$ cat entry.tsv   # TSV, C-alpha atoms
chain	number	residue	atom	x	y	z
A	1	MET	CA	0.00	0.00	0.00
A	2	LYS	CA	1.44	3.40	-1.02
A	3	LYS	CA	1.95	5.85	1.84
A	4	LEU	CA	0.42	9.30	1.31
A	5	LEU	CA	0.72	12.38	3.55
A	6	VAL	CA	-1.82	15.22	3.30
A	7	VAL	CA	-0.51	18.53	4.71
A	8	GLU	CA	-3.54	20.84	4.80
A	9	ASP	CA	-4.69	23.34	7.44
A	10	HIS	CA	-8.42	23.44	6.58
A	11	VAL	CA	-10.22	20.69	8.46
A	12	GLY	CA	-12.93	20.23	5.79
A	13	LEU	CA	-10.44	19.87	2.97
A	14	ARG	CA	-8.24	17.57	5.06
A	15	GLU	CA	-11.20	15.33	5.76
A	16	SER	CA	-12.37	15.29	2.12
A	17	TYR	CA	-8.90	14.30	0.84
A	18	GLN	CA	-8.63	11.67	3.58
A	19	MET	CA	-11.94	10.14	2.38
A	20	LEU	CA	-10.77	10.26	-1.24
A	21	PHE	CA	-7.32	8.75	-0.81
A	22	ILE	CA	-8.41	6.00	1.63
A	23	ARG	CA	-10.96	4.93	-1.00
A	24	GLU	CA	-8.26	5.10	-3.66
A	25	GLY	CA	-6.30	2.54	-1.60
A	26	TYR	CA	-3.58	4.69	-0.02
A	27	ASP	CA	-2.29	4.52	3.55
A	28	VAL	CA	-3.20	8.11	4.51
A	29	THR	CA	-1.54	10.28	7.20
A	30	LEU	CA	-2.75	13.82	7.96
A	31	ALA	CA	-0.93	16.96	9.15
A	32	GLU	CA	-2.61	20.28	9.89
A	33	ASP	CA	0.30	22.67	9.31
A	34	GLY	CA	3.66	22.77	7.57
A	35	LYS	CA	5.70	22.21	10.74
A	36	SER	CA	3.98	19.00	11.87
A	37	GLY	CA	3.90	17.89	8.21
A	38	LEU	CA	7.66	18.40	7.91
A	39	GLU	CA	8.32	16.43	11.12
A	40	LEU	CA	6.29	13.51	9.74
A	41	ALA	CA	7.88	13.78	6.29
A	42	GLN	CA	11.39	13.71	7.77
A	43	ALA	CA	10.65	10.81	10.13
A	44	GLN	CA	9.04	8.47	7.57
A	45	ASP	CA	9.31	7.63	3.88
A	46	PHE	CA	6.10	8.64	2.12
A	47	ASP	CA	5.47	7.83	-1.53
A	48	ILE	CA	3.43	11.00	-2.03
A	49	ILE	CA	3.09	14.25	-0.09
A	50	MET	CA	0.11	16.48	-0.93
A	51	LEU	CA	1.27	19.91	0.26
A	52	ASP	CA	-0.90	23.01	0.75
A	53	MET	CA	0.87	26.34	0.25
A	54	LEU	CA	-0.91	28.82	2.55
A	55	MET	CA	-0.77	27.41	6.08
A	56	PRO	CA	-0.20	28.72	9.61
A	57	ILE	CA	3.05	28.08	11.56
A	58	MET	CA	4.92	26.97	8.42
A	59	ASP	CA	3.78	27.53	4.82
A	60	GLY	CA	4.38	25.23	1.85
A	61	ILE	CA	7.41	27.08	0.49
A	62	SER	CA	9.18	26.98	3.92
A	63	PHE	CA	8.35	23.24	4.11
A	64	LEU	CA	9.98	22.70	0.70
A	65	ARG	CA	13.07	24.72	1.65
A	66	GLN	CA	13.64	22.56	4.73
A	67	PHE	CA	12.71	19.15	3.36
A	68	VAL	CA	15.78	17.28	2.13
A	69	PRO	CA	14.81	15.18	-0.94
A	70	ALA	CA	18.13	13.30	-0.84
A	71	ASP	CA	17.11	11.79	2.53
A	72	HIS	CA	13.83	10.54	1.00
A	73	PRO	CA	14.59	9.60	-2.61
A	74	LYS	CA	11.26	7.83	-3.27
A	75	THR	CA	9.07	10.70	-1.95
A	76	LYS	CA	7.26	12.78	-4.57
A	77	ILE	CA	5.57	16.05	-3.65
A	78	ILE	CA	2.43	17.55	-5.23
A	79	ALA	CA	1.59	21.13	-4.29
A	80	PHE	CA	-2.15	21.76	-4.09
A	81	SER	CA	-3.38	25.24	-3.40
A	82	ASN	CA	-5.77	27.93	-4.56
A	83	LEU	CA	-2.86	30.37	-4.47
A	84	GLN	CA	-1.76	30.78	-8.08
A	85	THR	CA	0.80	33.57	-7.90
A	86	PRO	CA	3.33	32.87	-10.70
A	87	GLU	CA	6.29	33.47	-8.34
A	88	ILE	CA	4.99	30.94	-5.79
A	89	VAL	CA	4.21	28.37	-8.50
A	90	SER	CA	7.65	28.73	-10.07
A	91	GLU	CA	9.45	28.66	-6.70
A	92	ALA	CA	7.55	25.49	-5.71
A	93	MET	CA	8.46	23.84	-9.03
A	94	ASP	CA	12.12	24.91	-8.59
A	95	LEU	CA	12.06	23.33	-5.12
A	96	GLY	CA	11.10	20.00	-6.67
A	97	VAL	CA	7.30	19.61	-6.64
A	98	LYS	CA	6.02	17.32	-9.40
A	99	ARG	CA	2.71	19.14	-10.03
A	100	TYR	CA	1.08	22.37	-8.88
A	101	VAL	CA	-2.68	21.77	-8.67
A	102	THR	CA	-5.50	24.31	-8.10
A	103	LYS	CA	-7.81	22.74	-5.52
A	104	ALA	CA	-10.86	24.87	-6.36
A	105	VAL	CA	-11.06	23.59	-9.93
A	106	THR	CA	-9.91	19.97	-9.47
A	107	PRO	CA	-12.66	17.47	-8.61
A	108	PRO	CA	-11.75	14.36	-6.54
A	109	GLY	CA	-11.51	11.89	-9.45
A	110	LYS	CA	-9.19	14.21	-11.37
A	111	MET	CA	-7.04	14.73	-8.24
A	112	ALA	CA	-6.78	10.94	-7.78
A	113	GLU	CA	-5.78	10.55	-11.44
A	114	LEU	CA	-3.02	13.17	-11.07
A	115	VAL	CA	-1.65	11.40	-8.00
A	116	ARG	CA	-1.67	8.04	-9.84
A	117	GLU	CA	0.22	9.65	-12.73
A	118	VAL	CA	2.88	11.04	-10.39
A	119	VAL	CA	3.19	7.72	-8.46
A	120	ASN	CA	3.85	5.91	-11.74
A	121	GLU	CA	6.39	8.44	-13.05
A	122	ASP	CA	10.06	7.54	-12.94
A	123	TYR	CA	12.56	9.92	-11.46
B	1	THR	CA	-16.22	81.09	-11.23
B	2	GLY	CA	-17.10	79.19	-14.37
B	3	LYS	CA	-18.90	75.90	-13.90
B	4	ASN	CA	-16.29	73.49	-15.20
B	5	VAL	CA	-14.45	71.72	-12.40
B	6	TYR	CA	-11.59	69.34	-13.14
B	7	ARG	CA	-10.19	66.86	-10.64
B	8	LEU	CA	-6.78	65.26	-10.69
B	9	ASP	CA	-5.39	62.94	-8.00
B	10	LEU	CA	-1.66	63.20	-7.39
B	11	PHE	CA	0.98	63.03	-4.68
B	12	LEU	CA	2.77	65.97	-3.07
B	13	ALA	CA	6.16	65.51	-1.44
B	14	GLY	CA	5.79	65.74	2.33
B	15	LYS	CA	8.38	65.96	5.10
B	16	GLY	CA	11.27	63.54	4.74
B	17	ARG	CA	10.39	61.06	2.04
B	18	THR	CA	6.64	60.95	2.70
B	19	ARG	CA	4.14	61.44	-0.09
B	20	ILE	CA	0.75	63.03	0.59
B	21	PRO	CA	-2.12	62.04	-1.70
B	22	VAL	CA	-4.04	65.13	-2.78
B	23	ALA	CA	-6.97	65.87	-5.04
B	24	VAL	CA	-6.48	68.99	-7.12
B	25	THR	CA	-9.66	70.57	-8.37
B	26	ALA	CA	-9.48	73.44	-10.84
B	27	SER	CA	-12.16	75.81	-11.98
B	28	PRO	CA	-11.87	78.73	-14.43
B	29	TYR	CA	-12.23	82.25	-12.94
B	30	LEU	CA	-14.41	84.31	-15.28
B	31	VAL	CA	-15.22	88.01	-15.38
B	32	ASP	CA	-17.95	88.97	-17.85
B	33	ASN	CA	-17.67	85.46	-19.18
B	34	ARG	CA	-14.00	85.99	-20.00
B	35	PRO	CA	-11.40	83.74	-18.40
B	36	GLN	CA	-9.21	85.70	-15.99
B	37	GLY	CA	-7.46	82.84	-14.28
B	38	VAL	CA	-7.88	79.49	-12.56
B	39	ILE	CA	-8.84	78.71	-9.00
B	40	GLU	CA	-7.13	75.57	-7.74
B	41	LEU	CA	-8.02	73.75	-4.56
B	42	PHE	CA	-5.69	71.17	-3.01
B	43	THR	CA	-7.42	68.68	-0.69
B	44	ASP	CA	-5.58	66.13	1.45
B	45	ILE	CA	-7.22	62.77	0.57
B	46	SER	CA	-5.09	60.56	2.87
B	47	ASN	CA	-8.20	59.34	4.73
B	48	GLU	CA	-10.06	58.63	1.47
B	49	LYS	CA	-7.07	56.60	0.19
B	50	ALA	CA	-6.68	54.72	3.51
B	51	LEU	CA	-10.38	53.79	3.45
B	52	ASP	CA	-10.05	52.66	-0.16
B	53	GLN	CA	-7.08	50.47	0.78
B	54	ALA	CA	-8.94	49.03	3.80
B	55	LYS	CA	-11.88	48.18	1.52
B	56	ASP	CA	-9.58	46.42	-0.99
B	57	ASP	CA	-7.81	44.49	1.81
B	58	PHE	CA	-11.18	43.48	3.23
B	59	LEU	CA	-12.39	42.32	-0.20
B	60	ALA	CA	-9.26	40.20	-0.66
B	61	LEU	CA	-9.44	38.71	2.84
B	62	VAL	CA	-13.15	37.87	2.67
B	63	SER	CA	-12.83	36.35	-0.81
B	64	HIS	CA	-9.89	34.20	0.26
B	65	GLN	CA	-11.66	33.07	3.45
B	66	LEU	CA	-14.76	32.16	1.40
B	67	GLN	CA	-12.82	30.23	-1.19
B	68	THR	CA	-11.41	27.56	1.15
B	69	PRO	CA	-14.72	26.27	2.60
B	70	ALA	CA	-16.33	26.58	-0.86
B	71	THR	CA	-13.54	24.33	-2.18
B	72	ALA	CA	-14.19	21.81	0.63
B	73	VAL	CA	-17.91	21.76	-0.31
B	74	LYS	CA	-16.89	21.06	-3.91
B	75	GLN	CA	-14.69	18.14	-2.82
B	76	PHE	CA	-17.41	16.56	-0.63
B	77	LEU	CA	-20.06	16.94	-3.36
B	78	GLY	CA	-17.56	15.57	-5.88
B	79	LEU	CA	-16.98	12.49	-3.68
B	80	LEU	CA	-20.75	11.86	-3.68
B	81	LEU	CA	-21.22	12.53	-7.41
B	82	GLU	CA	-18.28	10.41	-8.49
B	83	GLY	CA	-19.48	7.42	-6.45
B	84	TYR	CA	-16.69	7.38	-3.84
B	85	ILE	CA	-19.23	7.20	-0.99
B	86	GLY	CA	-21.37	4.49	-2.57
B	87	LYS	CA	-24.16	4.42	-5.09
B	88	ILE	CA	-26.86	7.09	-5.06
B	89	VAL	CA	-30.10	6.92	-7.06
B	90	GLN	CA	-30.53	9.22	-10.07
B	91	GLU	CA	-32.90	11.58	-8.23
B	92	GLN	CA	-30.33	12.08	-5.46
B	93	LYS	CA	-27.56	12.47	-8.03
B	94	ASP	CA	-29.53	15.22	-9.81
B	95	VAL	CA	-29.86	17.16	-6.55
B	96	VAL	CA	-26.15	16.77	-5.75
B	97	GLN	CA	-25.30	17.84	-9.32
B	98	LYS	CA	-27.37	21.03	-8.85
B	99	ALA	CA	-25.55	21.76	-5.56
B	100	TYR	CA	-22.21	21.11	-7.32
B	101	ASN	CA	-23.07	23.49	-10.19
B	102	ASN	CA	-24.11	26.24	-7.79
B	103	ASN	CA	-20.91	25.73	-5.84
B	104	GLU	CA	-18.91	26.05	-9.09
B	105	GLU	CA	-20.69	29.35	-9.78
B	106	GLN	CA	-19.89	30.51	-6.24
B	107	ILE	CA	-16.19	29.61	-6.65
B	108	SER	CA	-16.04	31.42	-9.98
B	109	ILE	CA	-17.50	34.62	-8.40
B	110	ILE	CA	-14.98	34.36	-5.55
B	111	GLN	CA	-12.12	33.97	-8.06
B	112	ASP	CA	-13.36	37.04	-9.97
B	113	LEU	CA	-13.47	39.04	-6.71
B	114	LEU	CA	-9.96	37.90	-5.80
B	115	GLU	CA	-8.74	39.00	-9.23
B	116	VAL	CA	-10.41	42.42	-8.76
B	117	ALA	CA	-8.64	42.74	-5.39
B	118	ARG	CA	-5.30	41.80	-6.99
B	119	ILE	CA	-5.81	44.32	-9.81
B	120	GLU	CA	-6.78	47.09	-7.38
B	121	SER	CA	-3.71	46.45	-5.24
B	122	GLY	CA	-1.42	46.34	-8.29
B	123	LYS	CA	-0.47	42.73	-7.47
B	124	SER	CA	-1.97	41.16	-10.58
B	125	VAL	CA	0.72	40.04	-13.01
B	126	ILE	CA	0.34	38.25	-16.31
B	127	ASN	CA	2.07	35.02	-17.16
B	128	VAL	CA	2.11	34.82	-20.97
B	129	GLU	CA	1.85	31.44	-22.70
B	130	ASN	CA	0.83	30.24	-26.15
B	131	ILE	CA	-2.87	29.43	-26.00
B	132	ASP	CA	-4.80	27.16	-28.36
B	133	ILE	CA	-7.91	29.35	-28.76
B	134	LYS	CA	-10.20	26.59	-30.06
B	135	ALA	CA	-9.40	24.29	-27.12
B	136	MET	CA	-9.86	27.13	-24.63
B	137	ILE	CA	-13.25	28.13	-26.07
B	138	ASP	CA	-14.44	24.50	-26.15
B	139	GLU	CA	-13.51	24.17	-22.47
B	140	ILE	CA	-15.35	27.37	-21.52
B	141	VAL	CA	-18.48	26.39	-23.48
B	142	SER	CA	-18.46	22.90	-21.99
B	143	ALA	CA	-18.31	24.37	-18.45
B	144	GLN	CA	-21.45	26.45	-19.19
B	145	GLN	CA	-23.26	23.79	-21.25
B	146	ILE	CA	-25.80	23.11	-18.47
B	147	THR	CA	-27.02	26.74	-18.64
B	148	VAL	CA	-27.11	26.62	-22.46
B	149	ASP	CA	-29.22	23.44	-22.38
B	150	LYS	CA	-31.51	24.74	-19.66
B	151	ARG	CA	-32.20	27.93	-21.62
B	152	GLN	CA	-32.40	26.00	-24.94
B	153	GLN	CA	-29.91	28.46	-26.42
B	154	HIS	CA	-27.78	27.77	-29.43
B	155	ILE	CA	-24.05	28.46	-29.61
B	156	THR	CA	-22.07	28.51	-32.83
B	157	ILE	CA	-18.29	28.50	-32.66
B	158	VAL	CA	-16.29	29.83	-35.58
B	159	VAL	CA	-12.62	29.48	-34.70
B	160	PRO	CA	-9.76	28.46	-37.02
B	161	ALA	CA	-8.27	25.18	-35.78
B	162	LYS	CA	-4.69	26.34	-35.37
B	163	LEU	CA	-5.31	29.84	-34.03
B	164	THR	CA	-3.08	30.68	-31.06
B	165	ALA	CA	-2.78	33.78	-28.89
B	166	GLN	CA	-0.07	34.83	-26.50
B	167	ALA	CA	-1.77	35.61	-23.24
B	168	ASP	CA	-2.17	34.61	-19.61
B	169	PRO	CA	-4.36	31.48	-19.89
B	170	THR	CA	-6.10	31.81	-16.51
B	171	LYS	CA	-6.92	35.47	-17.04
B	172	LEU	CA	-8.02	35.16	-20.67
B	173	LYS	CA	-10.25	32.21	-19.71
B	174	MET	CA	-11.75	34.26	-16.88
B	175	CYS	CA	-12.52	37.08	-19.32
B	176	ILE	CA	-14.08	34.90	-22.05
B	177	ALA	CA	-16.07	32.88	-19.48
B	178	ASN	CA	-17.50	36.14	-18.12
B	179	LEU	CA	-18.41	37.37	-21.62
B	180	LEU	CA	-20.13	34.08	-22.45
B	181	SER	CA	-21.97	34.00	-19.13
B	182	ASN	CA	-23.23	37.57	-19.80
B	183	ALA	CA	-24.32	36.64	-23.32
B	184	LEU	CA	-26.29	33.65	-21.97
B	185	LYS	CA	-27.87	35.73	-19.20
B	186	TYR	CA	-28.93	38.67	-21.33
B	187	THR	CA	-30.21	36.60	-24.27
B	188	SER	CA	-33.70	35.15	-24.08
B	189	VAL	CA	-34.56	31.46	-23.97
B	190	LYS	CA	-33.84	29.82	-27.37
B	191	GLY	CA	-31.55	32.75	-28.26
B	192	THR	CA	-28.42	32.46	-30.38
B	193	ILE	CA	-24.83	33.21	-29.39
B	194	GLN	CA	-21.88	33.22	-31.76
B	195	ILE	CA	-18.28	32.90	-30.63
B	196	LYS	CA	-15.83	33.92	-33.30
B	197	ALA	CA	-12.06	34.19	-33.22
B	198	TYR	CA	-9.86	35.59	-35.95
B	199	GLU	CA	-6.48	37.12	-36.54
B	200	THR	CA	-4.99	40.00	-38.45
B	201	GLU	CA	-1.31	40.61	-39.02
B	202	SER	CA	-0.93	42.20	-35.62
B	203	THR	CA	-3.89	41.09	-33.50
B	204	VAL	CA	-5.93	38.09	-32.35
B	205	SER	CA	-9.57	38.78	-31.55
B	206	ILE	CA	-12.24	36.77	-29.78
B	207	ALA	CA	-15.78	38.07	-30.27
B	208	ILE	CA	-18.98	36.96	-28.54
B	209	LYS	CA	-22.16	38.07	-30.24
B	210	ASP	CA	-25.69	37.55	-28.95
B	211	ASN	CA	-29.18	38.43	-30.08
B	212	GLY	CA	-30.24	39.46	-26.58
B	213	ILE	CA	-31.65	42.65	-25.06
B	214	GLY	CA	-28.74	44.86	-26.17
B	215	ILE	CA	-27.46	47.97	-24.39
B	216	ALA	CA	-28.86	51.48	-24.63
B	217	LYS	CA	-26.47	54.27	-25.64
B	218	ASP	CA	-26.75	56.06	-22.28
B	219	GLN	CA	-25.66	52.87	-20.46
B	220	MET	CA	-22.52	52.33	-22.55
B	221	GLY	CA	-20.36	54.77	-20.57
B	222	LYS	CA	-20.60	52.87	-17.30
B	223	LEU	CA	-20.41	49.39	-18.83
B	224	PHE	CA	-16.82	48.70	-17.78
B	225	ASN	CA	-17.00	50.35	-14.34
B	226	ARG	CA	-16.41	48.17	-11.30
B	227	PHE	CA	-19.62	46.89	-9.62
B	228	SER	CA	-21.73	48.71	-12.20
B	229	ARG	CA	-24.86	47.07	-13.62
B	230	ILE	CA	-26.87	48.30	-16.57
B	231	ASP	CA	-30.18	49.83	-15.62
B	232	GLN	CA	-32.45	49.24	-18.57
B	233	GLY	CA	-35.61	47.21	-19.18
B	234	GLY	CA	-35.54	44.14	-16.98
B	235	ALA	CA	-31.73	43.89	-16.95
B	236	SER	CA	-31.36	44.82	-13.28
B	237	ALA	CA	-33.51	41.79	-12.33
B	238	ILE	CA	-30.86	39.47	-13.85
B	239	PRO	CA	-28.42	38.42	-11.11
B	240	GLY	CA	-24.80	39.55	-11.45
B	241	THR	CA	-21.97	41.16	-9.52
B	242	GLY	CA	-21.08	43.90	-12.00
B	243	ILE	CA	-17.41	42.94	-12.09
B	244	GLY	CA	-17.25	40.73	-15.21
B	245	LEU	CA	-16.81	43.49	-17.78
B	246	PHE	CA	-14.54	45.50	-15.46
B	247	LEU	CA	-12.31	42.40	-15.21
B	248	CYS	CA	-12.36	41.82	-18.99
B	249	LYS	CA	-11.28	45.37	-19.74
B	250	GLN	CA	-8.52	45.26	-17.11
B	251	ILE	CA	-7.31	41.87	-18.39
B	252	ALA	CA	-7.33	43.08	-22.03
B	253	GLU	CA	-5.38	46.20	-21.06
B	254	MET	CA	-2.85	44.22	-19.01
B	255	HIS	CA	-2.08	42.42	-22.29
B	256	LYS	CA	-1.80	45.82	-24.08
B	257	GLY	CA	-5.02	44.91	-25.86
B	258	SER	CA	-8.53	46.35	-25.77
B	259	MET	CA	-12.23	45.58	-25.38
B	260	ILE	CA	-14.58	46.63	-28.15
B	261	VAL	CA	-18.36	46.67	-27.78
B	262	THR	CA	-21.10	47.22	-30.32
B	263	SER	CA	-24.73	46.97	-29.37
B	264	LYS	CA	-28.27	47.82	-30.39
B	265	PRO	CA	-31.14	47.67	-27.89
B	266	GLY	CA	-33.51	44.88	-28.83
B	267	GLU	CA	-31.10	43.37	-31.36
B	268	GLY	CA	-28.10	42.22	-29.33
B	269	SER	CA	-24.50	42.98	-28.42
B	270	GLU	CA	-21.04	41.97	-29.53
B	271	PHE	CA	-18.07	42.08	-27.17
B	272	THR	CA	-14.61	41.64	-28.66
B	273	VAL	CA	-11.34	41.09	-26.82
B	274	GLN	CA	-8.51	42.21	-29.07
B	275	LEU	CA	-4.99	41.15	-28.13
B	276	PRO	CA	-1.73	42.16	-29.79
B	277	LYS	CA	-0.14	39.21	-31.54
B	278	MET	CA	3.43	39.54	-30.44
B	279	HIS	CA	4.16	40.30	-26.84
B	280	LYS	CA	7.76	41.31	-27.43
B	281	LYS	CA	7.56	44.02	-24.80
B	282	LEU	CA	5.82	41.79	-22.27
B	283	LYS	CA	8.40	39.07	-22.84
B	284	ALA	CA	11.20	41.55	-22.34
B	285	GLU	CA	9.57	42.78	-19.11
B	286	LYS	CA	9.23	39.19	-17.89
B	287	SER	CA	12.86	38.33	-18.43
$ encode --input "entry.tsv" --output "structure tokens"
Amino acid sequence: MKKLLVVEDHVGLRESYQMLFIREGYDVTLAEDGKSGLELAQAQDFDIIMLDMLMPIMDGISFLRQFVPADHPKTKIIAFSNLQTPEIVSEAMDLGVKRYVTKAVTPPGKMAELVREVVNEDY
Amino acid sequence: TGKNVYRLDLFLAGKGRTRIPVAVTASPYLVDNRPQGVIELFTDISNEKALDQAKDDFLALVSHQLQTPATAVKQFLGLLLEGYIGKIVQEQKDVVQKAYNNNEEQISIIQDLLEVARIESGKSVINVENIDIKAMIDEIVSAQQITVDKRQQHITIVVPAKLTAQADPTKLKMCIANLLSNALKYTSVKGTIQIKAYETESTVSIAIKDNGIGIAKDQMGKLFNRFSRIDQGGASAIPGTGIGLFLCKQIAEMHKGSMIVTSKPGEGSEFTVQLPKMHKKLKAEKS
């Protein structure tokens, strides 16, 4: 079973993605801010991290700056956010995210499909 | 004094490096109807500007705070609609679909408001890409197909297959989606809408023409003002935020393009977004 971490501060969104990814067959772990997400991501090897950008305590960009990909070579990160500022998108991509997804326009099935695509991609 | 009063907003240098926003109003001074001079009045508008800024900040904050729970509603409804939570009967599915469509409309209004807030604060930037116009228009029409079907309207699309434009895809889509939504709203049931795109040597244009209620001449001037709605016939009874056309004009101008409107009351309107073909300057600014 692939291990998936959802880092999302909004309780409703966190719950909806938990429901989706459990039903898609992932082993789902949840974090409600960047800091607790980073602690989990550094302590375990996740296959996929779904990372929100605008969060309290630590935002997505700070998470990406502190996460060391070399320590977790099989972990792939997808940024999902409604924040679409070109600078943030390009900085997130430069910091190694595989996709930058707009939550407000991506229905669950499409989100699951994107995650499957990324899981199956080679490095 | 003479009756004409002109107003100009500018900044005066204050103490140190401060800048004071002032409104300068000028009126001609006439004696026996002959101009003798000008009376100028300088008014400190710091409070007016601060209030304006507070209003824009509030708009941005509220829109952002609304968007997150609206997105969660979309995800939950999506889980139901797509069968993740088990099978639902058709009647239930129809109700969930209606809730989903209304939520989509809500999200699109919130995104428009956020864009207005970004434009007002000068934070809106364009990210130019090559856009396949036919594919973009098909996507926009497909997203509004439910309204088209419900109102039994007919859309014809006349777009050359390989036509491309250099523009910000999210912003151009927002503009065209608003123009189409207006055309559908202000055209009667069974009405006809034509979406046409064409190019000249220097421009790419996308035009949306309807045979709806049209716009009276006296309403044309305020058409592109923020939060302005036309006040003619039964138009004010049609729901809308009055930001769609404001956004379109701002988006066209950010691309160094323009919005063109022709209309006849009772016959219909045509709104055209005209974009310059080569964004050499924009590209240079980007790099």
$ closest_residue --input "entry.tsv" --among "B:Lys171, B:Lys49, B:Arg229, B:Lys185" --to "chain A" --atoms "all atoms listed in the file"
B:Lys171
$ atom_distance --input "entry.tsv" --atom1 "atom CA of B:Val125" --atom2 "atom CA of B:Glu253"
11.8 Å
$ residues_around --input "entry.tsv" --residues "stretch 9-23 of chain A" --least-positions-apart "6" --cutoff "10 Å" --atoms "only C-alpha atoms" --output "VMD selection string"
(chain A and resid 29 to 34 50 to 57 59 103 108 to 109 111 to 112 115) or (chain B and resid 68 to 79 84 to 85)
$ residues_around --input "entry.tsv" --residues "stretch 114-117 of chain B" --least-positions-apart "5" --cutoff "12 Å" --atoms "all atoms listed in the file" --output "ChimeraX atom specification"
/A:82-85 /B:52-67,107-109,122-126,170-171,174-175,225-227,241-251
$ write_last_selection --input "entry.tsv" --atoms "C-alpha atoms" --output "compact mmCIF listing (two decimals), in the coordinates of the input"
# COMPACT_ATOMS: atom_id res chain seq x y z
CA ASN A 82 -5.77 27.93 -4.56
CA LEU A 83 -2.86 30.37 -4.47
CA GLN A 84 -1.76 30.78 -8.08
CA THR A 85 0.80 33.57 -7.90
CA ASP B 52 -10.05 52.66 -0.16
CA GLN B 53 -7.08 50.47 0.78
CA ALA B 54 -8.94 49.03 3.80
CA LYS B 55 -11.88 48.18 1.52
CA ASP B 56 -9.58 46.42 -0.99
CA ASP B 57 -7.81 44.49 1.81
CA PHE B 58 -11.18 43.48 3.23
CA LEU B 59 -12.39 42.32 -0.20
CA ALA B 60 -9.26 40.20 -0.66
CA LEU B 61 -9.44 38.71 2.84
CA VAL B 62 -13.15 37.87 2.67
CA SER B 63 -12.83 36.35 -0.81
CA HIS B 64 -9.89 34.20 0.26
CA GLN B 65 -11.66 33.07 3.45
CA LEU B 66 -14.76 32.16 1.40
CA GLN B 67 -12.82 30.23 -1.19
CA ILE B 107 -16.19 29.61 -6.65
CA SER B 108 -16.04 31.42 -9.98
CA ILE B 109 -17.50 34.62 -8.40
CA GLY B 122 -1.42 46.34 -8.29
CA LYS B 123 -0.47 42.73 -7.47
CA SER B 124 -1.97 41.16 -10.58
CA VAL B 125 0.72 40.04 -13.01
CA ILE B 126 0.34 38.25 -16.31
CA THR B 170 -6.10 31.81 -16.51
CA LYS B 171 -6.92 35.47 -17.04
CA MET B 174 -11.75 34.26 -16.88
CA CYS B 175 -12.52 37.08 -19.32
CA ASN B 225 -17.00 50.35 -14.34
CA ARG B 226 -16.41 48.17 -11.30
CA PHE B 227 -19.62 46.89 -9.62
CA THR B 241 -21.97 41.16 -9.52
CA GLY B 242 -21.08 43.90 -12.00
CA ILE B 243 -17.41 42.94 -12.09
CA GLY B 244 -17.25 40.73 -15.21
CA LEU B 245 -16.81 43.49 -17.78
CA PHE B 246 -14.54 45.50 -15.46
CA LEU B 247 -12.31 42.40 -15.21
CA CYS B 248 -12.36 41.82 -18.99
CA LYS B 249 -11.28 45.37 -19.74
CA GLN B 250 -8.52 45.26 -17.11
CA ILE B 251 -7.31 41.87 -18.39
$ atom_distance --input "entry.tsv" --atom1 "atom CA of B:Glu105" --atom2 "atom CA of B:Asp149"
16.3 Å
$ atom_distance --input "entry.tsv" --atom1 "atom CA of A:Leu4" --atom2 "atom CA of B:Lys87"
25.9 Å
